[in-house]
>>> print(open('run15.txt').read())   # compact mmCIF, C-alpha atoms
# COMPACT_ATOMS: atom_id res chain seq x y z
CA MET W 1 -2.07 -13.98 30.74
CA ASN W 2 0.69 -11.40 30.97
CA ARG W 3 1.03 -11.17 27.20
CA TYR W 4 -2.33 -9.41 26.73
CA LYS W 5 -2.33 -7.47 30.01
CA ARG W 6 -2.47 -4.06 28.30
CA HIS W 7 -5.50 -5.15 26.27
CA ILE W 8 -7.27 -6.65 29.24
CA LEU W 9 -6.75 -3.47 31.23
CA LEU W 10 -8.98 -1.65 28.73
CA SER W 11 -12.57 -1.82 29.86
CA GLU W 12 -13.63 -1.87 26.18
CA ILE W 13 -11.71 -5.13 25.69
CA GLY W 14 -11.15 -6.96 28.98
CA GLN W 15 -10.77 -10.73 29.21
CA ALA W 16 -14.01 -11.21 27.26
CA GLY W 17 -12.67 -9.14 24.36
CA GLN W 18 -9.35 -10.93 24.44
CA ASN W 19 -11.23 -14.24 24.20
CA LYS W 20 -13.06 -12.91 21.14
CA LEU W 21 -9.70 -12.15 19.53
CA LEU W 22 -8.48 -15.66 20.32
CA LYS W 23 -11.54 -17.17 18.64
CA ALA W 24 -11.30 -14.94 15.55
CA LYS W 25 -10.08 -16.21 12.17
CA VAL W 26 -8.55 -13.62 9.83
CA LEU W 27 -7.22 -14.17 6.31
CA VAL W 28 -4.64 -11.64 5.11
CA ILE W 29 -4.03 -11.63 1.36
CA GLY W 30 -0.67 -10.22 0.38
CA ALA W 31 2.29 -10.22 2.76
CA GLY W 32 3.86 -7.10 1.29
CA GLY W 33 3.94 -3.47 2.38
CA LEU W 34 0.41 -3.54 3.81
CA GLY W 35 0.38 -7.22 4.80
CA CYS W 36 3.47 -7.01 7.03
CA PRO W 37 2.17 -4.46 9.56
CA ILE W 38 -1.33 -5.97 9.41
CA LEU W 39 0.04 -9.42 10.24
CA GLN W 40 2.39 -8.13 12.88
CA TYR W 41 -0.34 -6.31 14.82
CA LEU W 42 -2.95 -9.06 14.46
CA THR W 43 -0.43 -11.63 15.69
CA ALA W 44 0.68 -9.44 18.57
CA ALA W 45 -2.97 -8.78 19.48
CA GLY W 46 -3.60 -12.50 19.81
CA VAL W 47 -5.96 -13.13 16.90
CA GLY W 48 -6.26 -16.89 17.29
CA THR W 49 -6.21 -18.06 13.68
CA ILE W 50 -4.39 -16.21 10.91
CA GLY W 51 -4.03 -17.19 7.26
CA ILE W 52 -1.41 -15.57 5.01
CA VAL W 53 -1.75 -15.74 1.22
CA ASP W 54 1.26 -14.81 -0.92
CA PHE W 55 2.91 -16.65 -3.80
CA ASP W 56 5.69 -14.10 -4.21
CA THR W 57 9.27 -14.21 -2.96
CA VAL W 58 11.16 -11.57 -0.99
CA GLU W 59 13.42 -9.20 -2.94
CA LEU W 60 16.01 -6.77 -1.61
CA SER W 61 13.89 -3.79 -2.75
CA ASN W 62 11.03 -5.04 -0.51
CA LEU W 63 13.00 -4.41 2.68
CA GLN W 64 12.48 -0.62 2.45
CA ARG W 65 8.89 -1.16 3.67
CA GLN W 66 8.05 -4.85 4.19
CA ILE W 67 9.03 -4.97 7.82
CA LEU W 68 8.68 -8.68 8.53
CA PHE W 69 11.59 -9.53 6.24
CA GLY W 70 15.35 -9.29 6.47
CA LYS W 71 18.36 -10.04 4.29
CA SER W 72 18.13 -13.71 5.14
CA SER W 73 14.58 -13.80 3.69
CA ILE W 74 15.61 -12.84 0.15
CA GLY W 75 14.46 -15.41 -2.40
CA LEU W 76 12.12 -17.14 0.06
CA ASN W 77 8.33 -17.23 -0.13
CA LYS W 78 6.77 -14.24 1.65
CA ALA W 79 3.94 -16.17 3.32
CA GLU W 80 6.40 -18.74 4.71
CA VAL W 81 8.90 -16.15 5.97
CA ALA W 82 6.11 -14.08 7.50
CA LYS W 83 4.79 -17.15 9.26
CA SER W 84 8.15 -18.02 10.81
CA ARG W 85 8.72 -14.43 11.98
CA LEU W 86 5.21 -14.25 13.43
CA LYS W 87 5.64 -17.58 15.21
CA ASP W 88 8.50 -16.00 17.12
CA LEU W 89 6.31 -13.04 17.98
CA ASN W 90 3.44 -15.21 19.22
CA ASP W 91 3.57 -18.99 19.31
CA THR W 92 0.24 -19.36 21.08
CA ILE W 93 -1.85 -18.78 17.94
CA SER W 94 -2.37 -20.79 14.75
CA ILE W 95 -0.83 -19.42 11.55
CA THR W 96 -1.18 -20.97 8.10
CA ALA W 97 0.86 -19.90 5.05
CA TYR W 98 -0.77 -20.31 1.62
CA THR W 99 1.96 -20.08 -0.98
CA LYS W 100 -0.25 -20.42 -4.06
CA LYS W 101 -1.81 -17.60 -6.07
CA LEU W 102 -5.35 -16.65 -5.08
CA THR W 103 -7.65 -17.64 -7.98
CA HIS W 104 -11.36 -17.76 -8.76
CA GLN W 105 -11.09 -21.51 -8.18
CA ASN W 106 -9.60 -21.47 -4.68
CA ALA W 107 -10.90 -18.20 -3.20
CA ILE W 108 -14.40 -19.27 -2.12
CA ASN W 109 -13.30 -22.35 -0.19
CA LEU W 110 -10.43 -20.49 1.42
CA PHE W 111 -12.62 -17.55 2.50
CA LYS W 112 -15.20 -19.90 4.03
CA ALA W 113 -12.66 -20.97 6.65
CA TYR W 114 -12.21 -17.39 7.95
CA ASP W 115 -14.37 -14.66 9.57
CA ILE W 116 -12.69 -11.57 8.14
CA ILE W 117 -10.78 -11.02 4.90
CA VAL W 118 -8.01 -8.39 4.64
CA ASP W 119 -6.84 -7.08 1.27
CA GLY W 120 -3.17 -6.10 1.11
CA THR W 121 -2.61 -6.93 -2.56
CA ASP W 122 -1.07 -4.79 -5.27
CA ASN W 123 -3.29 -5.11 -8.34
CA PHE W 124 -6.88 -4.42 -9.35
CA GLU W 125 -7.61 -7.88 -10.72
CA THR W 126 -6.96 -9.51 -7.35
CA ARG W 127 -8.79 -6.72 -5.51
CA TYR W 128 -11.98 -7.39 -7.52
CA LEU W 129 -11.54 -11.13 -7.08
CA ILE W 130 -11.25 -10.65 -3.30
CA ASN W 131 -14.24 -8.29 -3.18
CA ASP W 132 -16.48 -10.66 -5.14
CA ALA W 133 -15.45 -13.76 -3.18
CA ALA W 134 -15.98 -11.87 0.10
CA LEU W 135 -19.45 -10.81 -1.10
CA MET W 136 -20.38 -14.36 -2.09
CA THR W 137 -19.17 -15.86 1.18
CA ASN W 138 -20.67 -12.95 3.15
CA LYS W 139 -17.41 -11.96 4.87
CA PRO W 140 -16.41 -8.43 5.83
CA LEU W 141 -13.46 -7.17 3.81
CA VAL W 142 -10.91 -4.76 5.26
CA PHE W 143 -9.50 -2.91 2.29
CA GLY W 144 -6.30 -0.89 2.00
CA ALA W 145 -4.46 0.48 -1.04
CA ILE W 146 -1.58 2.86 -1.55
CA TYR W 147 -0.13 5.12 -4.24
CA LYS W 148 3.17 6.95 -3.71
CA PHE W 149 2.39 9.16 -0.65
CA GLU W 150 -1.35 8.48 -0.32
CA GLY W 151 -3.42 5.62 1.00
CA GLN W 152 -7.04 4.49 1.08
CA VAL W 153 -8.78 2.42 3.74
CA SER W 154 -12.33 1.10 3.94
CA VAL W 155 -14.37 -1.83 5.20
CA PHE W 156 -16.58 -3.48 2.59
CA ASN W 157 -19.40 -6.02 2.80
CA TYR W 158 -19.79 -5.23 6.49
CA LYS W 159 -23.30 -5.76 7.82
CA ASN W 160 -24.83 -5.30 4.36
CA GLY W 161 -22.74 -2.20 3.66
CA PRO W 162 -21.30 -1.18 0.29
CA SER W 163 -18.67 -3.24 -1.56
CA TYR W 164 -15.56 -2.19 -3.47
CA ARG W 165 -17.63 -2.26 -6.67
CA CYS W 166 -19.98 0.36 -5.21
CA LEU W 167 -16.93 2.63 -5.04
CA PHE W 168 -15.18 1.65 -8.29
CA SER W 169 -17.22 -0.55 -10.60
CA LYS W 170 -14.87 -2.44 -12.88
CA GLN W 171 -16.55 -1.26 -16.08
CA GLN W 172 -15.38 2.26 -15.44
CA GLN W 173 -11.76 1.29 -15.29
CA LYS W 174 -9.74 2.93 -17.98
CA GLU W 175 -6.12 3.40 -17.14
CA GLN W 176 -4.96 1.63 -14.07
CA ALA W 177 -2.41 3.75 -12.34
CA GLY W 178 0.14 1.79 -10.40
CA ASN W 179 -1.46 -1.56 -11.19
CA CYS W 180 1.18 -4.05 -10.04
CA GLU W 181 3.63 -1.53 -11.34
CA GLU W 182 6.91 -0.56 -9.82
CA VAL W 183 5.95 2.93 -8.75
CA GLY W 184 7.74 4.66 -5.95
CA VAL W 185 6.23 4.52 -2.50
CA LEU W 186 7.20 6.18 0.77
CA GLY W 187 8.24 3.25 2.98
CA VAL W 188 6.28 4.33 6.02
CA LEU W 189 2.99 4.76 4.08
CA PRO W 190 2.01 1.05 3.99
CA GLY W 191 2.95 0.98 7.69
CA ILE W 192 0.35 3.66 8.41
CA ILE W 193 -2.35 2.27 6.13
CA GLY W 194 -1.72 -1.35 7.17
CA SER W 195 -1.96 -0.36 10.83
CA MET W 196 -5.29 1.34 10.10
CA GLN W 197 -6.49 -1.89 8.48
CA ALA W 198 -5.38 -3.92 11.52
CA ASN W 199 -7.28 -1.45 13.69
CA GLU W 200 -10.48 -2.01 11.67
CA VAL W 201 -10.04 -5.79 11.98
CA LEU W 202 -9.74 -5.53 15.77
CA LYS W 203 -12.79 -3.24 16.02
CA ILE W 204 -14.87 -5.68 13.96
CA ILE W 205 -13.84 -8.63 16.15
CA LEU W 206 -14.30 -6.72 19.41
CA ASN W 207 -17.45 -4.98 18.25
CA ILE W 208 -16.26 -1.61 19.54
CA GLY W 209 -16.09 1.88 18.04
CA ASN W 210 -17.29 2.80 14.58
CA VAL W 211 -16.23 0.50 11.78
CA LEU W 212 -15.15 2.32 8.60
CA SER W 213 -18.01 0.90 6.54
CA GLY W 214 -19.73 3.00 3.87
CA LYS W 215 -16.81 5.40 4.00
CA LEU W 216 -13.45 5.67 2.32
CA LEU W 217 -10.61 7.19 4.29
CA ILE W 218 -7.83 8.80 2.28
CA TYR W 219 -4.62 9.78 3.99
CA ASN W 220 -1.86 11.91 2.54
CA THR W 221 1.52 11.58 4.26
CA LEU W 222 2.83 14.86 2.81
CA THR W 223 -0.02 17.16 3.78
CA VAL W 224 -1.06 15.05 6.80
CA GLN W 225 -4.61 15.51 5.53
CA THR W 226 -7.26 12.91 6.06
CA SER W 227 -10.41 12.92 3.94
CA ILE W 228 -13.37 10.67 4.60
CA LEU W 229 -15.79 10.26 1.70
CA LYS W 230 -19.17 8.62 2.00
CA ILE W 231 -19.82 5.62 -0.28
CA ASN W 232 -23.39 4.69 -1.13
CA LYS W 233 -24.35 1.10 -1.63
CA SER W 234 -25.20 0.13 -5.21
CA GLU W 235 -27.63 -2.80 -5.14
CA GLU W 236 -27.11 -3.11 -8.88
CA GLU W 237 -23.36 -3.70 -8.53
CA ILE W 238 -23.84 -6.14 -5.68
CA ASN W 239 -26.61 -8.09 -7.42
CA LYS W 240 -24.48 -8.43 -10.52
CA VAL W 241 -21.85 -10.25 -8.46
CA ILE W 242 -24.37 -12.39 -6.58
CA ASN W 243 -26.26 -13.30 -9.77
CA GLU W 244 -23.08 -14.50 -11.44
CA LYS W 245 -22.10 -16.64 -8.49
CA HIS W 246 -22.49 -19.86 -10.49
CA LEU W 247 -19.98 -18.58 -13.08
CA PHE W 248 -17.39 -17.33 -10.59
CA GLU W 249 -15.34 -20.49 -10.25
CA THR W 250 -15.18 -20.96 -14.02
CA LYS W 251 -13.50 -17.57 -14.50
CA LYS W 252 -9.88 -17.28 -15.43
CA THR W 253 -7.79 -15.26 -12.98
CA ASN W 254 -6.05 -12.91 -15.31
CA ILE W 255 -3.42 -10.93 -13.50
CA ASN W 256 -1.97 -8.95 -16.31
CA CYS W 257 1.04 -7.18 -14.90
CA ASN W 258 2.78 -5.03 -17.47
CA SER W 259 5.31 -4.06 -14.87
CA ASN W 260 8.36 -3.80 -17.05
CA ALA W 261 7.04 -1.45 -19.74
CA LYS W 262 9.19 1.66 -19.86
CA GLN W 263 7.45 5.00 -20.33
CA ILE W 264 8.67 8.23 -21.83
CA SER W 265 7.19 11.72 -22.09
CA ILE W 266 6.43 13.12 -25.53
CA LYS W 267 8.72 16.04 -24.72
CA GLU W 268 11.68 13.74 -24.14
CA ALA W 269 10.74 11.51 -27.07
CA LEU W 270 10.92 14.46 -29.47
CA THR W 271 14.47 15.32 -28.40
CA LYS W 272 15.77 11.88 -29.29
CA GLU W 273 17.39 10.78 -32.51
CA ASN W 274 17.29 7.53 -34.45
CA ILE W 275 13.75 6.80 -33.33
CA GLN W 276 10.95 4.87 -34.96
CA PHE W 277 7.59 6.19 -33.75
CA ILE W 278 4.94 3.49 -33.86
CA ASP W 279 1.23 4.24 -33.71
CA VAL W 280 -0.49 1.17 -32.24
CA ARG W 281 -4.02 2.51 -32.71
CA GLU W 282 -6.35 1.04 -35.30
CA THR W 283 -5.79 2.73 -38.68
CA SER W 284 -9.14 4.53 -38.58
CA GLU W 285 -8.55 6.28 -35.27
CA LEU W 286 -8.33 10.06 -35.07
CA PRO W 287 -6.65 12.48 -34.64
CA LYS W 288 -3.70 11.54 -36.79
CA THR W 289 -0.30 12.89 -35.88
CA GLU W 290 0.87 15.68 -38.14
CA GLY W 291 4.47 16.55 -38.80
CA LEU W 292 5.87 13.35 -37.34
CA LEU W 293 6.98 10.33 -39.30
CA THR W 294 5.21 7.32 -37.82
CA THR W 295 4.69 3.66 -38.62
CA SER W 296 1.22 2.27 -38.12
CA ILE W 297 1.06 -1.13 -36.42
CA PRO W 298 -2.29 -1.60 -34.65
CA LEU W 299 -2.02 -3.52 -31.38
CA SER W 300 -4.55 -6.04 -32.69
CA VAL W 301 -2.07 -7.15 -35.39
CA LEU W 302 1.20 -6.36 -33.63
CA GLU W 303 2.85 -9.76 -33.79
CA GLU W 304 1.99 -10.21 -37.49
CA ASN W 305 3.68 -6.94 -38.43
CA LEU W 306 7.03 -7.21 -36.75
CA TYR W 307 8.71 -6.89 -40.14
CA LYS W 308 7.71 -3.20 -40.12
CA ILE W 309 9.91 -2.62 -37.09
CA ASP W 310 13.38 -1.20 -37.66
CA LEU W 311 15.45 -2.90 -34.98
CA LYS W 312 18.39 -0.55 -35.60
CA LYS W 313 16.29 2.22 -34.12
CA GLU W 314 14.90 2.89 -30.67
CA LEU W 315 11.14 2.26 -30.73
CA ILE W 316 8.70 4.71 -29.19
CA LEU W 317 5.09 3.56 -29.18
CA PHE W 318 2.01 5.66 -28.72
CA CYS W 319 -1.78 5.36 -28.88
CA GLN W 320 -4.80 7.38 -27.77
CA SER W 321 -4.03 7.37 -24.06
CA GLY W 322 -0.90 5.35 -23.30
CA ASN W 323 -2.79 2.22 -22.36
CA ARG W 324 -2.49 0.11 -25.50
CA SER W 325 1.02 1.34 -26.26
CA LYS W 326 2.01 0.13 -22.80
CA GLN W 327 0.57 -3.30 -23.52
CA ALA W 328 2.38 -3.29 -26.87
CA VAL W 329 5.73 -2.59 -25.15
CA SER W 330 5.14 -5.54 -22.82
CA ARG W 331 4.29 -7.78 -25.75
CA LEU W 332 7.39 -6.71 -27.66
CA LYS W 333 9.51 -7.43 -24.59
CA LYS W 334 8.18 -10.97 -24.57
CA LEU W 335 9.45 -11.23 -28.15
CA ASN W 336 12.87 -10.07 -26.96
CA ILE W 337 12.51 -6.58 -28.39
CA HIS W 338 13.72 -4.45 -25.50
CA ASN W 339 14.75 -1.11 -26.97
CA CYS W 340 11.24 0.29 -26.73
CA SER W 341 9.12 2.55 -24.55
CA TYR W 342 5.64 4.04 -24.68
CA ILE W 343 4.43 7.63 -24.52
CA GLN W 344 2.35 8.23 -21.43
CA GLU W 345 0.40 11.23 -22.70
CA HIS W 346 -2.92 11.52 -24.46
CA ILE W 347 -2.85 11.94 -28.25
CA THR W 348 -4.02 15.57 -28.02
CA GLU W 349 -1.02 16.33 -25.81
CA ILE W 350 1.27 14.52 -28.23
CA ASN W 351 -0.02 16.59 -31.14
CA LYS W 352 0.34 19.80 -29.16
CA HIS W 353 4.01 19.06 -28.51
CA ILE W 354 4.69 18.12 -32.12
CA LYS W 355 3.07 21.37 -33.26
CA ASN W 356 5.13 23.43 -30.81
CA LYS W 357 8.29 21.69 -31.91
CA THR W 358 7.70 22.21 -35.64
CA ASN W 359 6.81 25.88 -35.06
CA THR W 360 10.10 26.65 -33.38
CA MET Z 1 -20.38 30.46 -7.67
CA THR Z 2 -16.95 29.18 -6.78
CA ILE Z 3 -16.18 25.66 -5.68
CA SER Z 4 -13.13 24.05 -4.22
CA VAL Z 5 -11.95 20.98 -6.13
CA LYS Z 6 -9.69 18.45 -4.45
CA TYR Z 7 -7.48 16.04 -6.37
CA PHE Z 8 -5.96 12.78 -5.20
CA GLY Z 9 -3.19 10.44 -6.38
CA LEU Z 10 -2.56 10.34 -10.09
CA ILE Z 11 -5.24 12.99 -10.69
CA ALA Z 12 -3.29 15.50 -8.59
CA GLU Z 13 -0.17 14.65 -10.61
CA ILE Z 14 -1.96 15.63 -13.82
CA THR Z 15 -3.48 18.82 -12.44
CA GLU Z 16 -0.18 19.60 -10.68
CA CYS Z 17 -2.03 20.73 -7.57
CA ASP Z 18 -4.04 19.00 -4.88
CA ASN Z 19 -6.81 21.54 -4.83
CA GLU Z 20 -7.99 24.61 -6.70
CA ILE Z 21 -10.87 27.05 -6.74
CA ILE Z 22 -13.01 26.98 -9.88
CA SER Z 23 -15.99 29.15 -10.64
CA ILE Z 24 -18.99 27.47 -12.24
CA SER Z 25 -22.70 28.03 -12.55
CA ASN Z 26 -25.53 25.54 -12.58
CA LYS Z 27 -23.63 22.55 -13.88
CA THR Z 28 -23.94 18.81 -13.46
CA ILE Z 29 -20.89 16.74 -12.55
CA SER Z 30 -20.51 15.52 -16.14
CA GLU Z 31 -20.76 19.06 -17.55
CA PHE Z 32 -18.16 20.18 -15.06
CA LEU Z 33 -15.89 17.29 -16.11
CA GLU Z 34 -16.15 18.32 -19.77
CA PHE Z 35 -14.81 21.70 -18.73
CA LEU Z 36 -12.07 20.08 -16.66
CA PHE Z 37 -11.02 17.80 -19.55
CA GLU Z 38 -10.42 20.87 -21.69
CA LYS Z 39 -8.18 22.28 -19.03
CA TYR Z 40 -6.43 18.93 -18.39
CA PRO Z 41 -6.76 16.69 -21.49
CA ASN Z 42 -4.78 13.92 -19.79
CA LEU Z 43 -7.57 13.48 -17.24
CA LYS Z 44 -9.89 12.16 -19.91
CA ASN Z 45 -8.52 8.66 -19.92
CA LYS Z 46 -8.14 8.31 -16.21
CA ASP Z 47 -10.47 6.41 -13.98
CA PHE Z 48 -11.87 8.31 -11.00
CA GLN Z 49 -14.97 8.93 -8.94
CA VAL Z 50 -16.36 12.31 -7.97
CA ALA Z 51 -17.48 13.31 -4.50
CA GLN Z 52 -19.59 16.34 -3.65
CA GLN Z 53 -19.53 17.53 -0.03
CA GLN Z 54 -17.58 14.37 0.95
CA GLU Z 55 -20.10 12.03 -0.63
CA LEU Z 56 -19.53 10.05 -3.82
CA VAL Z 57 -22.08 11.05 -6.46
CA GLY Z 58 -23.13 10.08 -9.99
CA LEU Z 59 -22.37 12.03 -13.15
CA ASP Z 60 -25.91 13.40 -13.48
CA THR Z 61 -25.81 15.07 -10.09
CA LEU Z 62 -26.25 18.83 -10.12
CA ILE Z 63 -23.47 20.68 -8.35
CA THR Z 64 -25.01 22.46 -5.40
CA GLY Z 65 -22.21 22.20 -2.85
CA ASN Z 66 -19.00 24.14 -2.62
CA GLU Z 67 -16.61 21.19 -2.54
CA LEU Z 68 -15.84 18.48 -5.09
CA ALA Z 69 -13.17 15.79 -4.97
CA LEU Z 70 -11.76 13.64 -7.77
CA LEU Z 71 -10.73 10.27 -6.46
CA PRO Z 72 -8.82 7.65 -8.49
CA PRO Z 73 -8.50 4.00 -7.40
CA PHE Z 74 -5.15 3.02 -5.88
CA ALA Z 75 -3.71 -0.39 -6.69
CA GLY Z 76 -0.58 -0.58 -4.57
CA GLY Z 77 0.00 -2.65 -1.51
>>> encode(input="run15.txt", output="structure tokens")
Amino acid sequence: MNRYKRHILLSEIGQAGQNKLLKAKVLVIGAGGLGCPILQYLTAAGVGTIGIVDFDTVELSNLQRQILFGKSSIGLNKAEVAKSRLKDLNDTISITAYTKKLTHQNAINLFKAYDIIVDGTDNFETRYLINDAALMTNKPLVFGAIYKFEGQVSVFNYKNGPSYRCLFSKQQQKEQAGNCEEVGVLGVLPGIIGSMQANEVLKIILNIGNVLSGKLLIYNTLTVQTSILKINKSEEEINKVINEKHLFETKKTNINCNSNAKQISIKEALTKENIQFIDVRETSELPKTEGLLTTSIPLSVLEENLYKIDLKKELILFCQSGNRSKQAVSRLKKLNIHNCSYIQEHITEINKHIKNKTNT
Amino acid sequence: MTISVKYFGLIAEITECDNEIISISNKTISEFLEFLFEKYPNLKNKDFQVAQQQELVGLDTLITGNELALLPPFAGG
């Protein structure tokens, strides 16, 4: 038992704790920035059964932070590559790679086979799916999420504690910053946050220390500041999920990634020439833009009104808040209209800039 | 009274600072947010939760503490 000597030397773990780790079954969803360090530490620690869910393939731009992969992994499935790397790290444990997308149809059965669920995914739709399935199968969920230089960690559904919906109920979601988007991220950040998630998993299995339940930890790599905010349980949010249990498996898993929509600031947009500005709001929406020539094509009737688009011009789309115009850009791209971007600012900001521009 | 307001993630990008001191009197969280939306119109369409004294609170909560935090959800992994 030389492999786990340094664990066994700890009185808090010992041989009994190491046996607990060997008996534990952990499912890690997402073998990306967060998933890689999580998997690496859980494998090294001797967690006996590990499942890896990822349908995606390795790209060169992943190597900046997804530390289980190398150049030879490019183009291969992440769950499969991770499994083969981890097998080399520890061949005494059982590792299963699931290469299909997690859906409402397969989540419940998959979760039932594990004790702890770990979320290392990159979009809100999957995060809510994981939260709800974890609630319904009564499994603790170790949550981690990152944005640029900051990360969040928490443990949900742990011993009747709050769930992700008690923190962010889906209804409140307006704009979803960084949702499966290609935003920049400091490479070491998922390493830190993923390691914190692995730490929570080990504490849950070993039953030591204080599990980060009912609290959200936020870490900022630039300021080195850690904030811990208390989350209160919302019975209402939890009951809503439990009461709709019978409908869960009939739901469509709609991962709507508008990752390739290009954005532009109103300031930059106004400096450009040969532009067609397109307002994708419904015609009744206020405020109107004043002093700017625009074409109205509401998002609801976008595809029917393509004839209004001047393809000789660069298209700049806007709406009330940048949300619908972003969707419109993605939809135009699908129709092979690529010379388009959306304005990220709110309509009041847009109007302010137009006014400033016309006054000077 | 003056309160310290902390911003995270995308919220801090809009406010262009990660914390600031704001003076208010006898306001609920939602009244305070109305004031904040005037200062930062782009915040209006963003999704976030508010914490008072390191505890997440509802919009009707009266501000009695000296520290608020605006916390958006992060998606990345």
>>> interface_residues(input="run15.txt", of="chain Z", to="chain W", cutoff="10 Å", atoms="all atoms listed in the file", output="ChimeraX atom specification")
/Z:8-11,18,40-57,69,71-77
>>> atom_distance(input="run15.txt", atom1="atom CA of Thr61 of chain Z", atom2="atom CA of Phe32 of chain Z")
10.5 Å
>>> atom_distance(input="run15.txt", atom1="atom CA of Phe318 of chain W", atom2="atom CA of Arg281 of chain W")
7.9 Å
>>> residues_around(input="run15.txt", residues="Thr295 of chain W", least_positions_apart="6", cutoff="9 Å", atoms="only C-alpha atoms", output="ChimeraX atom specification")
/W:276-280,308-309
>>> residues_near_point(input="run15.txt", point="(-22.7, 17.2, -15.7)", cutoff="12 Å", atoms="only C-alpha atoms", output="VMD selection string")
chain Z and resid 24 to 36 50 57 to 64
>>> residues_around(input="run15.txt", residues="Phe111 of chain W", least_positions_apart="2", cutoff="10 Å", atoms="all atoms listed in the file", output="mmCIF file with C-alpha atoms, in the coordinates of the input")
data_model
loop_
_atom_site.group_PDB
_atom_site.id
_atom_site.type_symbol
_atom_site.label_atom_id
_atom_site.label_comp_id
_atom_site.auth_asym_id
_atom_site.auth_seq_id
_atom_site.Cartn_x
_atom_site.Cartn_y
_atom_site.Cartn_z
ATOM 1 C CA VAL W 26 -8.550 -13.620 9.830
ATOM 2 C CA LEU W 27 -7.220 -14.170 6.310
ATOM 3 C CA GLY W 51 -4.030 -17.190 7.260
ATOM 4 C CA ASN W 106 -9.600 -21.470 -4.680
ATOM 5 C CA ALA W 107 -10.900 -18.200 -3.200
ATOM 6 C CA ILE W 108 -14.400 -19.270 -2.120
ATOM 7 C CA ASN W 109 -13.300 -22.350 -0.190
ATOM 8 C CA ALA W 113 -12.660 -20.970 6.650
ATOM 9 C CA TYR W 114 -12.210 -17.390 7.950
ATOM 10 C CA ASP W 115 -14.370 -14.660 9.570
ATOM 11 C CA ILE W 116 -12.690 -11.570 8.140
ATOM 12 C CA ILE W 117 -10.780 -11.020 4.900
ATOM 13 C CA ILE W 130 -11.250 -10.650 -3.300
ATOM 14 C CA ALA W 133 -15.450 -13.760 -3.180
ATOM 15 C CA ALA W 134 -15.980 -11.870 0.100
ATOM 16 C CA MET W 136 -20.380 -14.360 -2.090
ATOM 17 C CA THR W 137 -19.170 -15.860 1.180
ATOM 18 C CA ASN W 138 -20.670 -12.950 3.150
ATOM 19 C CA LYS W 139 -17.410 -11.960 4.870
#
>>> atom_distance(input="run15.txt", atom1="atom CA of Tyr41 of chain W", atom2="atom CA of Ala198 of chain W")
6.5 Å
>>> closest_residue(input="run15.txt", among="W:Gln263, W:Arg85, W:Leu42, W:Lys20", to="Ser195 of chain W", atoms="all atoms listed in the file")
W:Leu42
>>> residues_around(input="run15.txt", residues="segment 61-65 of chain W", least_positions_apart="3", cutoff="8 Å", atoms="all atoms listed in the file", output="list in words")
Gly32, Gly33, Val58, Phe69, Gly70, Lys71, Gly187, Val188, Pro190 and Gly191 of chain W
>>> residues_around(input="run15.txt", residues="segment 7-18 of chain W", least_positions_apart="6", cutoff="8 Å", atoms="all atoms listed in the file", output="NGL selection string")
:W and (46 or 206 or 208)
>>> residues_around(input="run15.txt", residues="Glu273 of chain W", least_positions_apart="6", cutoff="12 Å", atoms="all atoms listed in the file", output="list in words")
Lys312, Lys313, Glu314, Leu315 and Ile316 of chain W
>>> closest_residue(input="run15.txt", among="W:Tyr158, W:His246, W:Ser73, W:Glu290", to="Val201 of chain W", atoms="all atoms listed in the file")
W:Tyr158
>>> decode(input="run15.txt", residues="segment 37-45 of chain Z", atoms="N, CA and C atoms", output="PDB file, in the first residue's frame")
ATOM      1  N   PHE Z  37     -29.098  51.058 -11.276  1.00  0.00           N
ATOM      2  CA  PHE Z  37     -29.387  50.928 -12.709  1.00  0.00           C
ATOM      3  C   PHE Z  37     -29.300  52.275 -13.411  1.00  0.00           C
ATOM      4  N   GLU Z  38     -29.589  53.341 -12.660  1.00  0.00           N
ATOM      5  CA  GLU Z  38     -29.451  54.676 -13.262  1.00  0.00           C
ATOM      6  C   GLU Z  38     -27.991  55.002 -13.484  1.00  0.00           C
ATOM      7  N   LYS Z  39     -27.204  54.584 -12.512  1.00  0.00           N
ATOM      8  CA  LYS Z  39     -25.761  54.830 -12.611  1.00  0.00           C
ATOM      9  C   LYS Z  39     -25.134  53.933 -13.684  1.00  0.00           C
ATOM     10  N   TYR Z  40     -25.561  52.685 -13.739  1.00  0.00           N
ATOM     11  CA  TYR Z  40     -25.019  51.707 -14.706  1.00  0.00           C
ATOM     12  C   TYR Z  40     -26.172  51.048 -15.476  1.00  0.00           C
ATOM     13  N   PRO Z  41     -26.675  51.711 -16.534  1.00  0.00           N
ATOM     14  CA  PRO Z  41     -27.840  51.162 -17.261  1.00  0.00           C
ATOM     15  C   PRO Z  41     -27.610  49.738 -17.778  1.00  0.00           C
ATOM     16  N   ASN Z  42     -26.365  49.399 -18.078  1.00  0.00           N
ATOM     17  CA  ASN Z  42     -26.100  48.067 -18.629  1.00  0.00           C
ATOM     18  C   ASN Z  42     -26.287  46.943 -17.613  1.00  0.00           C
ATOM     19  N   LEU Z  43     -26.418  47.315 -16.345  1.00  0.00           N
ATOM     20  CA  LEU Z  43     -26.636  46.289 -15.304  1.00  0.00           C
ATOM     21  C   LEU Z  43     -28.042  45.715 -15.372  1.00  0.00           C
ATOM     22  N   LYS Z  44     -28.946  46.523 -15.908  1.00  0.00           N
ATOM     23  CA  LYS Z  44     -30.365  46.216 -15.874  1.00  0.00           C
ATOM     24  C   LYS Z  44     -30.707  44.846 -16.446  1.00  0.00           C
ATOM     25  N   ASN Z  45     -30.021  44.488 -17.493  1.00  0.00           N
ATOM     26  CA  ASN Z  45     -30.355  43.232 -18.165  1.00  0.00           C
ATOM     27  C   ASN Z  45     -29.459  42.079 -17.755  1.00  0.00           C
TER      28      ASN Z  45
END
